[in-house]
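Asker: Following this line is start_37.tsv, made up of TSV, C-alpha atoms:
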```tsv
chain	number	residue	atom	x	y	z
A	1	MET	CA	54.71	85.99	119.77
A	2	LEU	CA	51.36	85.69	118.02
A	3	ALA	CA	52.22	82.09	117.17
A	4	VAL	CA	53.14	81.35	120.81
A	5	VAL	CA	50.02	82.85	122.43
A	6	PRO	CA	47.44	80.12	121.52
A	7	PHE	CA	49.66	77.29	122.77
A	8	ALA	CA	50.62	79.18	125.94
A	9	ALA	CA	46.93	79.86	126.59
A	10	ALA	CA	46.20	76.14	126.12
A	11	ILE	CA	48.77	75.30	128.79
A	12	ILE	CA	47.33	77.84	131.25
A	13	VAL	CA	43.71	76.81	130.65
A	14	GLY	CA	44.66	73.15	130.88
A	15	GLY	CA	46.26	73.71	134.25
A	16	PHE	CA	43.17	75.39	135.66
A	17	TRP	CA	40.92	72.75	134.06
A	18	LEU	CA	42.81	69.96	135.80
A	19	GLU	CA	42.00	71.37	139.21
A	20	ASN	CA	38.26	71.20	138.51
A	21	SER	CA	38.26	67.97	136.51
A	22	LYS	CA	37.37	64.48	137.72
A	23	ILE	CA	40.88	63.22	137.01
A	24	ASP	CA	42.48	61.57	140.03
A	25	PRO	CA	45.15	63.88	141.49
A	26	ASN	CA	47.43	60.84	141.60
A	27	GLN	CA	47.57	61.13	137.79
A	28	TYR	CA	48.92	64.68	137.88
A	29	ARG	CA	52.51	63.43	138.05
A	30	ARG	CA	52.05	61.45	134.82
A	31	ILE	CA	50.53	64.50	133.15
A	32	GLY	CA	53.50	66.55	134.33
A	33	VAL	CA	55.91	64.00	132.88
A	34	TRP	CA	54.10	64.15	129.55
A	35	PHE	CA	54.21	67.97	129.64
A	36	ALA	CA	57.92	68.12	130.42
A	37	GLY	CA	58.74	65.34	127.97
A	38	GLY	CA	56.85	66.99	125.12
A	39	LEU	CA	58.46	70.35	125.84
A	40	VAL	CA	62.03	69.04	126.03
A	41	ALA	CA	61.71	66.64	123.09
A	42	PHE	CA	60.20	69.18	120.68
A	43	LEU	CA	62.61	71.89	121.87
A	44	LEU	CA	65.68	69.68	121.30
A	45	LEU	CA	64.41	68.74	117.85
A	46	ASN	CA	64.02	72.38	116.92
A	47	VAL	CA	67.40	73.34	118.45
A	48	VAL	CA	69.01	70.83	116.08
A	49	MET	CA	67.06	72.44	113.22
A	50	ILE	CA	68.17	75.92	114.35
A	51	PHE	CA	71.84	74.89	114.27
A	52	THR	CA	71.31	73.18	110.92
A	53	TRP	CA	69.41	76.05	109.29
A	54	PRO	CA	70.25	79.19	111.31
A	55	THR	CA	68.06	82.20	110.72
A	56	GLY	CA	70.92	84.63	111.04
A	57	SER	CA	69.31	86.55	113.93
A	58	LEU	CA	69.66	85.66	117.61
A	59	GLY	CA	66.21	87.08	118.36
A	60	GLU	CA	64.61	84.94	115.68
A	61	ASP	CA	66.41	81.85	116.95
A	62	ILE	CA	65.21	82.53	120.51
A	63	GLY	CA	61.65	83.06	119.23
A	64	TRP	CA	61.86	79.81	117.30
A	65	ALA	CA	63.06	77.95	120.41
A	66	LEU	CA	60.34	79.54	122.55
A	67	PHE	CA	57.70	78.57	120.00
A	68	ALA	CA	59.02	75.00	119.95
A	69	ALA	CA	59.01	74.77	123.76
A	70	VAL	CA	55.42	76.03	124.08
A	71	VAL	CA	54.12	73.83	121.27
A	72	GLY	CA	55.87	70.77	122.71
A	73	GLY	CA	54.60	71.50	126.22
A	74	ALA	CA	51.02	71.98	125.00
A	75	GLY	CA	51.16	68.77	122.99
A	76	GLY	CA	52.56	66.84	125.96
A	77	LEU	CA	49.89	68.27	128.24
A	78	VAL	CA	47.12	67.17	125.88
A	79	MET	CA	48.59	63.67	125.56
A	80	GLY	CA	48.97	63.42	129.35
A	81	ILE	CA	45.34	64.42	129.91
A	82	PHE	CA	44.12	61.89	127.35
A	83	GLU	CA	46.15	59.13	129.00
A	84	ALA	CA	44.99	60.12	132.50
A	85	ARG	CA	41.35	60.07	131.42
A	86	ALA	CA	41.83	56.67	129.79
A	87	ILE	CA	43.37	55.32	132.99
A	88	SER	CA	40.51	56.81	135.05
A	89	ARG	CA	37.93	55.16	132.79
A	90	ALA	CA	39.73	51.83	133.05
A	91	VAL	CA	39.90	52.08	136.84
A	92	GLU	CA	36.21	53.01	137.05
A	93	ALA	CA	35.27	50.11	134.76
A	94	GLU	CA	37.24	47.71	136.94
A	95	ARG	CA	35.63	49.12	140.08
A	96	GLN	CA	32.16	48.64	138.59
A	97	ARG	CA	33.04	45.11	137.52
A	98	LEU	CA	34.17	44.21	141.02
A	99	GLN	CA	31.06	45.86	142.46
A	100	ARG	CA	28.84	43.85	140.12
A	101	GLU	CA	30.59	40.63	141.11
A	102	ALA	CA	30.16	41.46	144.80
A	103	ILE	CA	26.48	42.21	144.24
A	104	GLU	CA	25.99	38.98	142.32
A	105	GLN	CA	27.63	37.03	145.13
A	106	ARG	CA	25.40	38.76	147.67
A	107	ASN	CA	22.35	38.00	145.56
A	108	GLU	CA	23.33	34.34	145.40
A	109	ARG	CA	23.63	34.22	149.18
A	110	LEU	CA	20.25	35.93	149.53
A	111	ASP	CA	18.69	33.41	147.14
A	112	GLU	CA	20.14	30.55	149.16
A	113	PHE	CA	18.79	32.11	152.33
A	114	ALA	CA	15.37	32.56	150.72
A	115	ALA	CA	15.35	28.91	149.65
A	116	VAL	CA	16.19	27.78	153.18
A	117	VAL	CA	13.43	29.95	154.62
A	118	ALA	CA	10.89	28.67	152.11
A	119	HIS	CA	11.73	24.99	152.59
A	120	ASP	CA	13.05	24.49	156.11
A	121	LEU	CA	10.62	26.84	157.85
A	122	ARG	CA	7.45	26.60	155.81
A	123	ASN	CA	7.26	22.81	155.77
A	124	PRO	CA	7.25	22.29	159.54
A	125	LEU	CA	5.03	25.35	159.94
A	126	ASN	CA	2.47	23.85	157.56
A	127	VAL	CA	2.56	20.59	159.50
A	128	ALA	CA	2.01	22.39	162.79
A	129	SER	CA	-0.79	24.51	161.33
A	130	GLY	CA	-2.53	21.41	160.00
A	131	GLN	CA	-2.31	19.69	163.37
A	132	VAL	CA	-3.75	22.71	165.13
A	133	GLU	CA	-6.64	22.91	162.67
A	134	LEU	CA	-7.39	19.20	163.14
A	135	GLU	CA	-7.40	19.66	166.89
A	136	ARG	CA	-9.73	22.66	166.60
A	137	MET	CA	-12.18	20.50	164.65
A	138	ASP	CA	-12.54	18.27	167.73
A	139	ARG	CA	-12.39	21.00	170.33
A	140	ASP	CA	-11.63	24.69	170.33
A	141	SER	CA	-10.11	26.87	172.99
A	142	LYS	CA	-8.44	30.23	173.38
A	143	HIS	CA	-5.08	28.45	173.53
A	144	LEU	CA	-5.58	26.85	170.12
A	145	GLN	CA	-6.80	30.14	168.73
A	146	ALA	CA	-3.68	31.85	170.06
A	147	ALA	CA	-1.52	29.14	168.45
A	148	ALA	CA	-3.29	29.54	165.10
A	149	THR	CA	-2.87	33.32	165.26
A	150	ALA	CA	0.83	32.95	166.05
A	151	MET	CA	1.28	30.62	163.07
A	152	ASP	CA	-0.45	33.11	160.81
A	153	ARG	CA	2.00	35.74	162.01
A	154	MET	CA	4.90	33.39	161.33
A	155	GLU	CA	3.61	32.87	157.78
A	156	THR	CA	3.45	36.64	157.33
A	157	LEU	CA	6.99	37.05	158.67
A	158	ILE	CA	8.27	34.35	156.31
A	159	ASP	CA	6.63	36.08	153.34
A	160	ARG	CA	8.07	39.43	154.38
A	161	THR	CA	11.53	37.94	154.95
A	162	LEU	CA	11.51	36.34	151.50
A	163	THR	CA	10.43	39.62	149.95
A	164	LEU	CA	13.14	41.48	151.86
A	165	ALA	CA	15.82	39.02	150.72
A	166	ARG	CA	14.82	39.24	147.08
A	167	SER	CA	13.97	42.95	146.94
A	168	GLY	CA	17.60	43.96	147.43
A	169	HIS	CA	18.73	42.46	144.12
A	170	VAL	CA	20.13	45.08	141.79
A	171	ILE	CA	17.70	45.60	138.92
A	172	SER	CA	19.22	45.15	135.48
A	173	ASP	CA	16.05	44.96	133.37
A	174	THR	CA	13.32	47.58	133.74
A	175	GLU	CA	10.02	48.20	132.00
A	176	THR	CA	7.96	51.25	131.22
A	177	VAL	CA	5.44	51.60	134.06
A	178	ALA	CA	2.48	53.98	134.15
A	179	LEU	CA	2.31	55.07	137.78
A	180	ALA	CA	-1.36	56.08	137.73
A	181	GLU	CA	-2.70	52.63	136.91
A	182	LEU	CA	-0.20	50.82	139.12
A	183	VAL	CA	-0.97	53.03	142.15
A	184	ASP	CA	-4.71	52.41	141.77
A	185	GLY	CA	-4.15	48.67	141.60
A	186	CYS	CA	-1.89	48.67	144.67
A	187	TRP	CA	-4.44	50.63	146.70
A	188	GLU	CA	-7.18	48.16	145.82
A	189	ALA	CA	-4.92	45.25	146.85
A	190	VAL	CA	-4.38	46.62	150.39
A	191	PRO	CA	-7.11	46.46	153.10
A	192	THR	CA	-7.66	50.20	153.60
A	193	MET	CA	-11.03	50.19	155.41
A	194	ASP	CA	-12.35	53.78	155.18
A	195	GLY	CA	-9.09	55.27	153.92
A	196	THR	CA	-9.08	57.56	150.86
A	197	LEU	CA	-6.54	57.67	148.05
A	198	GLU	CA	-5.81	60.85	146.13
A	199	ASN	CA	-3.87	59.67	143.09
A	200	GLU	CA	-2.31	62.67	141.35
A	201	VAL	CA	0.49	60.95	139.41
A	202	THR	CA	0.51	60.77	135.61
A	203	ALA	CA	4.20	60.02	135.03
A	204	VAL	CA	5.59	57.00	133.24
A	205	ILE	CA	8.87	55.69	134.69
A	206	ASP	CA	11.42	52.93	134.11
A	207	ALA	CA	11.16	50.36	136.91
A	208	ASP	CA	10.63	46.74	137.84
A	209	PRO	CA	6.80	46.61	138.02
A	210	ASP	CA	6.65	43.74	140.53
A	211	ARG	CA	8.98	45.39	143.01
A	212	LEU	CA	7.42	48.79	142.44
A	213	ARG	CA	4.08	47.21	143.32
A	214	HIS	CA	5.60	45.89	146.57
A	215	LEU	CA	6.90	49.40	147.31
A	216	PHE	CA	3.50	51.10	147.03
A	217	GLU	CA	1.63	48.32	148.82
A	218	ASN	CA	4.03	48.51	151.77
A	219	LEU	CA	3.79	52.30	151.93
A	220	PHE	CA	-0.01	52.15	151.78
A	221	ARG	CA	-0.13	49.41	154.41
A	222	ASN	CA	2.22	51.41	156.64
A	223	ALA	CA	0.04	54.52	156.30
A	224	VAL	CA	-3.12	52.61	157.15
A	225	GLU	CA	-1.69	50.67	160.08
A	226	HIS	CA	0.48	53.38	161.65
A	227	GLY	CA	-1.01	56.64	160.39
A	228	SER	CA	-4.02	56.91	162.67
A	229	THR	CA	-5.52	60.37	162.84
A	230	GLY	CA	-7.03	59.54	166.20
A	231	SER	CA	-5.48	60.52	169.51
A	232	GLN	CA	-1.92	59.54	170.28
A	233	THR	CA	-3.04	57.97	173.53
A	234	GLU	CA	-5.25	55.55	171.68
A	235	SER	CA	-2.43	54.68	169.29
A	236	ASP	CA	-0.01	54.08	172.14
A	237	ASP	CA	-2.56	51.91	173.90
A	238	SER	CA	-2.89	49.69	170.84
A	239	VAL	CA	0.88	49.31	170.69
A	240	GLU	CA	1.30	48.45	174.35
A	241	HIS	CA	-1.64	46.15	174.86
A	242	GLY	CA	-1.93	44.53	171.44
A	243	SER	CA	-5.22	43.55	169.89
A	244	THR	CA	-8.67	43.72	171.39
A	245	GLY	CA	-10.94	40.75	171.36
A	246	ARG	CA	-9.92	37.94	169.05
A	247	GLN	CA	-8.49	40.07	166.26
A	248	SER	CA	-4.80	40.03	165.51
A	249	PRO	CA	-2.84	43.19	166.46
A	250	SER	CA	-2.41	44.11	162.82
A	251	ALA	CA	-6.16	43.89	162.19
A	252	ASP	CA	-6.90	45.95	165.28
A	253	THR	CA	-4.34	48.55	164.30
A	254	LEU	CA	-5.81	48.59	160.81
A	255	GLU	CA	-9.25	49.36	162.20
A	256	ARG	CA	-7.90	52.22	164.29
A	257	GLY	CA	-5.51	53.58	161.70
A	258	SER	CA	-7.96	53.91	158.84
A	259	VAL	CA	-10.25	56.51	160.46
A	260	ASP	CA	-10.40	59.62	158.22
A	261	LEU	CA	-7.05	58.64	156.70
A	262	THR	CA	-6.14	60.21	153.35
A	263	VAL	CA	-3.12	59.06	151.35
A	264	ARG	CA	-1.90	61.25	148.50
A	265	VAL	CA	0.46	60.08	145.75
A	266	GLY	CA	1.93	62.91	143.69
A	267	GLU	CA	4.86	63.94	141.56
A	268	MET	CA	7.84	66.09	142.46
A	269	ALA	CA	11.11	67.14	140.85
A	270	GLY	CA	13.02	63.97	140.05
A	271	GLY	CA	10.45	61.50	141.34
A	272	PHE	CA	7.24	61.02	143.29
A	273	TYR	CA	5.96	61.03	146.87
A	274	VAL	CA	3.47	59.21	149.09
A	275	ALA	CA	2.00	61.38	151.87
A	276	ASP	CA	-0.72	60.89	154.47
A	277	ASN	CA	-2.52	62.96	157.08
A	278	GLY	CA	-1.79	60.56	159.92
A	279	SER	CA	0.04	61.04	163.19
A	280	GLY	CA	3.42	61.28	161.46
A	281	ILE	CA	6.90	60.06	162.43
A	282	PRO	CA	9.05	62.04	164.89
A	283	PRO	CA	12.19	63.47	163.21
A	284	ALA	CA	14.46	61.48	165.52
A	285	LYS	CA	12.93	58.19	164.31
A	286	ARG	CA	12.71	58.86	160.57
A	287	ASP	CA	16.02	57.17	159.78
A	288	ALA	CA	15.40	54.26	162.14
A	289	VAL	CA	12.05	53.24	160.63
A	290	LEU	CA	13.83	52.15	157.44
A	291	ASP	CA	16.07	49.72	159.34
A	292	ASP	CA	15.44	45.98	159.33
A	293	GLY	CA	13.32	44.91	162.27
A	294	TYR	CA	12.23	48.35	163.49
A	295	THR	CA	8.61	48.11	164.62
A	296	THR	CA	6.10	49.34	167.17
A	297	THR	CA	3.80	46.35	166.71
A	298	ASP	CA	4.25	42.60	166.69
A	299	GLY	CA	2.42	41.77	163.50
A	300	GLU	CA	4.86	42.53	160.69
A	301	GLY	CA	8.28	42.16	162.25
A	302	GLY	CA	9.36	45.65	161.19
A	303	LEU	CA	10.18	44.64	157.61
A	304	GLY	CA	7.65	46.67	155.61
A	305	LEU	CA	9.65	49.91	155.32
A	306	ALA	CA	12.93	48.00	155.19
A	307	ILE	CA	11.60	46.31	152.05
A	308	VAL	CA	10.72	49.74	150.66
A	309	GLN	CA	14.29	50.94	151.23
A	310	ARG	CA	15.77	47.83	149.58
A	311	ILE	CA	13.54	48.28	146.53
A	312	VAL	CA	14.50	51.94	146.28
A	313	GLU	CA	18.22	51.13	146.49
A	314	ALA	CA	17.88	48.28	143.97
A	315	HIS	CA	16.51	50.79	141.44
A	316	GLY	CA	19.29	53.28	142.20
A	317	TRP	CA	16.80	55.74	143.63
A	318	GLU	CA	16.87	57.69	146.89
A	319	ILE	CA	14.28	57.90	149.67
A	320	ASP	CA	13.71	60.61	152.23
A	321	ILE	CA	11.11	60.91	155.00
A	322	THR	CA	9.65	64.31	155.84
A	323	GLU	CA	6.46	65.75	157.30
A	324	SER	CA	3.48	66.09	154.98
A	325	ASP	CA	1.49	69.31	154.57
A	326	GLU	CA	-1.24	67.78	156.75
A	327	GLY	CA	1.20	66.94	159.55
A	328	GLY	CA	1.52	63.26	158.68
A	329	THR	CA	4.32	61.37	156.96
A	330	ARG	CA	5.67	61.99	153.46
A	331	PHE	CA	7.95	59.52	151.69
A	332	GLU	CA	9.87	61.15	148.83
A	333	ILE	CA	11.41	58.90	146.15
A	334	THR	CA	13.86	60.77	143.93
A	335	ASN	CA	16.49	60.16	141.24
A	336	VAL	CA	13.77	58.38	139.24
A	337	THR	CA	14.06	58.09	135.46
A	338	LYS	CA	10.88	59.32	133.83
A	339	THR	CA	9.80	58.34	130.31
A	340	PRO	CA	8.10	60.95	128.10
A	341	ARG	CA	4.44	60.14	127.51
A	342	SER	CA	3.17	59.90	123.96
A	343	ASP	CA	0.06	61.86	122.95
A	344	GLU	CA	-2.11	58.76	122.89
A	345	ASP	CA	-0.98	57.86	126.42
A	346	THR	CA	-2.06	61.16	127.94
A	347	ASP	CA	-3.83	60.45	131.21
A	348	THR	CA	-7.49	61.36	130.97
A	349	ARG	CA	-8.83	59.37	133.91
A	350	SER	CA	-10.88	60.99	136.67
A	351	LYS	CA	-9.05	62.55	139.59
A	352	THR	CA	-11.86	61.63	141.98
A	353	PRO	CA	-10.37	60.16	145.18
A	354	ILE	CA	-10.68	56.41	145.41
A	355	GLN	CA	-12.72	55.08	148.32
A	356	PRO	CA	-13.59	51.48	149.12
```
Could you quickly redo this structure as structure tokens?

Answerer:
Amino acid sequence: MLAVVPFAAAIIVGGFWLENSKIDPNQYRRIGVWFAGGLVAFLLLNVVMIFTWPTGSLGEDIGWALFAAVVGGAGGLVMGIFEARAISRAVEAERQRLQREAIEQRNERLDEFAAVVAHDLRNPLNVASGQVELERMDRDSKHLQAAATAMDRMETLIDRTLTLARSGHVISDTETVALAELVDGCWEAVPTMDGTLENEVTAVIDADPDRLRHLFENLFRNAVEHGSTGSQTESDDSVEHGSTGRQSPSADTLERGSVDLTVRVGEMAGGFYVADNGSGIPPAKRDAVLDDGYTTTDGEGGLGLAIVQRIVEAHGWEIDITESDEGGTRFEITNVTKTPRSDEDTDTRSKTPIQP
């Protein structure tokens, strides 16, 4: 009995382990076949041995047979689990291969689309813009100004569309990126008027630096253009009636949205966040703002946050929109791989908020 106990315990534990394992339940039948086959085969072998070399005691023969059955069953169970796990790994590898092929095909289609946009739209747009500028040299009017403004918007939309098409590519090669320096550079690259940046990140992460730069610039631009801390009535008026004077709507919104605006970039468990003290996003609209084409203005075509989502997904990260401590919007990026900082890389820069 003492010899039987360990193998019987292995069978019992193995059965409970299967229920909580990641093995596909469809493989349980194969494991059962291995268990039964090992039990029967080893038992029959030992029955032949019992008849060949009898012990002389029926109790000892029964104990021998019981021992053989338990050992054979445990061995079959182990072999079945090993085979099931090998099959699961092979199936997962094939699934990932097919997924990679599908992604590569999608990326090729996106590249073709980007090439068409760059060539077939930009060329005639450049011709039209040149003709308008030549005409404005002879005479100027509000109609020509409106046409020039519309062409500038088209150029912006083309740039954003190209970025959107290319930002969804799955990232295979990453680099070590120091968030503190990159965030400062992105803030300086965005027209922020009187906005203030509080950069509290010191982490180093694995990412594509170019696309990560696009991510922060779009989040900063969104905070400045849509995060006005002024009255909601004023914000709604700018959305409904467009720009004032001869400024484009995006420039007018920028001027309104930058009043007393503070954007904070900080770290959290598993990633980082970008928060502002603006007017915030209603809970019912937080999922919609990440969709392609969602916008409350006419200047950007609603692609800024869609690009952010594509970049996040391309890195394998996750994004969530919540309310900031100041009542504004907080974008949380999680599932980010952080790289340990070496002693010589310890961040010693000033934490003084950056102002233009």

Asker: Between A:Val132, A:Ala178, A:Val78, A:Ala65, single out the one closest to A:Gln145, counting only C-alpha atoms.

Answerer: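 Checking each of A:Val132, A:Ala178, A:Val78, A:Ala65 against A:Gln145, counting only C-alpha atoms, the winner is A:Val132.
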
Asker: Counting all atoms listed in the file, which residue out of A:Ala314, A:Ala288, A:Met49, A:Leu219 sits closest to A:Tyr273?

Answerer: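 Checking each candidate against A:Tyr273, we get A:Leu219 as the closest.
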
Asker: By how many Å are atom CA of A:Lys285 and atom CA of A:Ile321 apart?

Answerer: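 If I compute the distance from atom CA of A:Lys285 to atom CA of A:Ile321, I get 9.9 Å.
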
Asker: Box for stretch 20-26 of chain A: with edges along x, y and z, all listed atoms inside and 3 Å added on each side, what are the centre and edge lengths in Å to one decimal, as AutoDock Vina command-line options?

Answerer:
```
--center_x 42.4 --center_y 66.0 --center_z 139.1 --size_x 16.1 --size_y 16.4 --size_z 11.1
```

Asker: Quick check, in Å to one decimal: how far apart do atom CA of A:Ile87 and atom CA of A:Asn26 lie?

Answerer: 11.0 Å

Asker: Counting all atoms listed in the file, figure out which residue out of A:Val204, A:Leu125, A:Ala36, A:Leu197 gets nearest to A:Val177.

Answerer: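 The answer is A:Val204, which sits nearest to A:Val177.
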